[in-house]
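Accompanying notes for the structure given below.
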Amino acid sequence: MNVIKFAPGLIPVFKHGTHDQKTHGSWATDGNSFDAVGAEGEVLMAEWRKKYRALDKYLDSKGMTHAWKQIEADPTAKKMRAEVDAVWEEQRALSNKFYEEHFSQNETEDFDRLRNKYVVADTPTLKMNKQLREGGGLTQRVKDADAMCAMGVVKERVGVYRGAILPQEMVDSLKVGTSFVDKGFQSVDVSKSSAEFYAESRKSDGADGTGVIFRMTLNKGLNAVNVDYGEIAVQRNATMTVTKKSKSGDWTIIDVGVSK
């Protein structure tokens, strides 16, 4: 008997032997982006990463950081930062267009407050998700994130990406046909490159494990909200079903269908 061990917060639901991947959206046939907007975004993200890394290299050569005051005081760094930001704004506009096409969102007067609480201070949000996945209870921050996600819904099945650094044991346990519940909120992205950049950043910050890109088909009715710059926050307790698993260079690619 094979025993599948899941990390805290990932609850197995069922496993079945045969699976028709055609029932799980475009990822079964499309190995790149969900649609033309996503494809255009990939081009922009490649350009953004190139410019960002050039800026990073220049700052390192000068013994500088990305601190705003340091960049403003250096004409070359200031120009390079402006070029990075210009491409990012183009990507932002494309991402917003993608969201409007595939999601509906009811923004109340309270939305900006809830969104800012979720995205501006990244560390408390990461801590909240860690606690949820370890069995933590309802805090005010969790309730606020619930209220925020409830303001958006998937109109029709749509493909997005999520980058993560996961323990190899967990990656090995995620076999085709396995379903599990993620007790945390998930931040996903329109762009595969953005998802890769996020995962690489997590690894640079000390996260230990295997680089994973989830190609996620969000099913109709799932709660998800646009928190800007390509990031979409997906409700907690979503059910994830693995439909395909492959390798691309150093990345493990896991296709999943996601539903309420």
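In the structure tokens, each chain is lettered A, B, ... as it comes, each chain's residues begin at 1, and ligands are numbered from 1 in order of appearance.
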- Message: Please return, as a VMD selection string, all residues of stretch 84-258 of chain A that DSSP assigns to alpha helix (DSSP H) on the basis of the backbone.
- Response: chain A and resid 84 to 102 111 to 119 122 to 133 140 to 149 168 to 173 192 to 204
- Task: Within 8 Å of A:Val87, counting only C-alpha atoms, which residues show up once you throw out same-chain ones fewer than 6 positions away? Write them as a PyMOL selection string, please.
- Result: chain A and resi 44-45+47-48
Selected residues written out, all heavy atoms, as a PDB file, in the first residue's frame:
ATOM      1  N   LEU A  44       6.287  40.714 -22.899  1.00  0.00           N
ATOM      2  CA  LEU A  44       6.584  41.863 -22.044  1.00  0.00           C
ATOM      3  C   LEU A  44       7.363  41.450 -20.795  1.00  0.00           C
ATOM      4  O   LEU A  44       8.289  42.143 -20.371  1.00  0.00           O
ATOM      5  CB  LEU A  44       5.293  42.569 -21.634  1.00  0.00           C
ATOM      6  CG  LEU A  44       4.659  43.487 -22.674  1.00  0.00           C
ATOM      7  CD1 LEU A  44       3.326  44.029 -22.171  1.00  0.00           C
ATOM      8  CD2 LEU A  44       5.592  44.653 -22.998  1.00  0.00           C
ATOM      9  N   MET A  45       6.975  40.314 -20.202  1.00  0.00           N
ATOM     10  CA  MET A  45       7.672  39.876 -18.990  1.00  0.00           C
ATOM     11  C   MET A  45       9.122  39.509 -19.285  1.00  0.00           C
ATOM     12  O   MET A  45      10.014  39.759 -18.472  1.00  0.00           O
ATOM     13  CB  MET A  45       6.944  38.694 -18.360  1.00  0.00           C
ATOM     14  CG  MET A  45       5.791  39.092 -17.476  1.00  0.00           C
ATOM     15  SD  MET A  45       6.205  40.314 -16.192  1.00  0.00           S
ATOM     16  CE  MET A  45       7.502  39.448 -15.291  1.00  0.00           C
ATOM     17  N   GLU A  47      10.970  40.940 -21.523  1.00  0.00           N
ATOM     18  CA  GLU A  47      11.646  42.226 -21.643  1.00  0.00           C
ATOM     19  C   GLU A  47      11.865  42.850 -20.266  1.00  0.00           C
ATOM     20  O   GLU A  47      12.924  43.401 -19.971  1.00  0.00           O
ATOM     21  CB  GLU A  47      10.811  43.168 -22.524  1.00  0.00           C
ATOM     22  CG  GLU A  47      11.467  44.523 -22.749  1.00  0.00           C
ATOM     23  CD  GLU A  47      10.621  45.456 -23.614  1.00  0.00           C
ATOM     24  OE1 GLU A  47       9.581  44.998 -24.120  1.00  0.00           O
ATOM     25  OE2 GLU A  47      11.013  46.624 -23.751  1.00  0.00           O
ATOM     26  N   TRP A  48      10.840  42.747 -19.404  1.00  0.00           N
ATOM     27  CA  TRP A  48      10.944  43.325 -18.057  1.00  0.00           C
ATOM     28  C   TRP A  48      12.067  42.666 -17.259  1.00  0.00           C
ATOM     29  O   TRP A  48      12.865  43.339 -16.612  1.00  0.00           O
ATOM     30  CB  TRP A  48       9.611  43.169 -17.327  1.00  0.00           C
ATOM     31  CG  TRP A  48       9.639  43.752 -15.942  1.00  0.00           C
ATOM     32  CD1 TRP A  48       9.421  45.050 -15.598  1.00  0.00           C
ATOM     33  CD2 TRP A  48       9.915  43.050 -14.714  1.00  0.00           C
ATOM     34  NE1 TRP A  48       9.538  45.216 -14.230  1.00  0.00           N
ATOM     35  CE2 TRP A  48       9.844  44.009 -13.673  1.00  0.00           C
ATOM     36  CE3 TRP A  48      10.209  41.725 -14.413  1.00  0.00           C
ATOM     37  CZ2 TRP A  48      10.057  43.664 -12.335  1.00  0.00           C
ATOM     38  CZ3 TRP A  48      10.427  41.375 -13.079  1.00  0.00           C
ATOM     39  CH2 TRP A  48      10.349  42.347 -12.061  1.00  0.00           C
TER      40      TRP A  48
END
- Item | Which of A:Lys155, A:Lys245, A:Arg115, A:Lys183 sits closest to A:Asn223 [using only C-alpha atoms] | A:Lys155
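Using only C-alpha atoms, the nearest neighbour of A:Asp112 within the list A:Asp182, A:Asp208, A:Asp56, A:Asp144 is A:Asp144.
Taking only C-alpha atoms into account, A:Leu138 lies nearest to A:Arg236 out of the set A:Thr123, A:Gly209, A:Phe214, A:Arg236.
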- Query: Any idea what's packed within 10 Å of A:Asn106, counting only C-alpha atoms, ignoring anything in its chain fewer than 6 positions away? Could you give it as a PyMOL selection string?
  - Reply: chain A and resi 148+150-153+225
- atom CA of A:Thr252 sits from atom CA of A:Glu40 at a separation of 23.5 Å
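Nearest residue to A:Lys51 among A:Ser173, A:Phe98, A:Ile213, A:Val84 is A:Val84, counting only C-alpha atoms.
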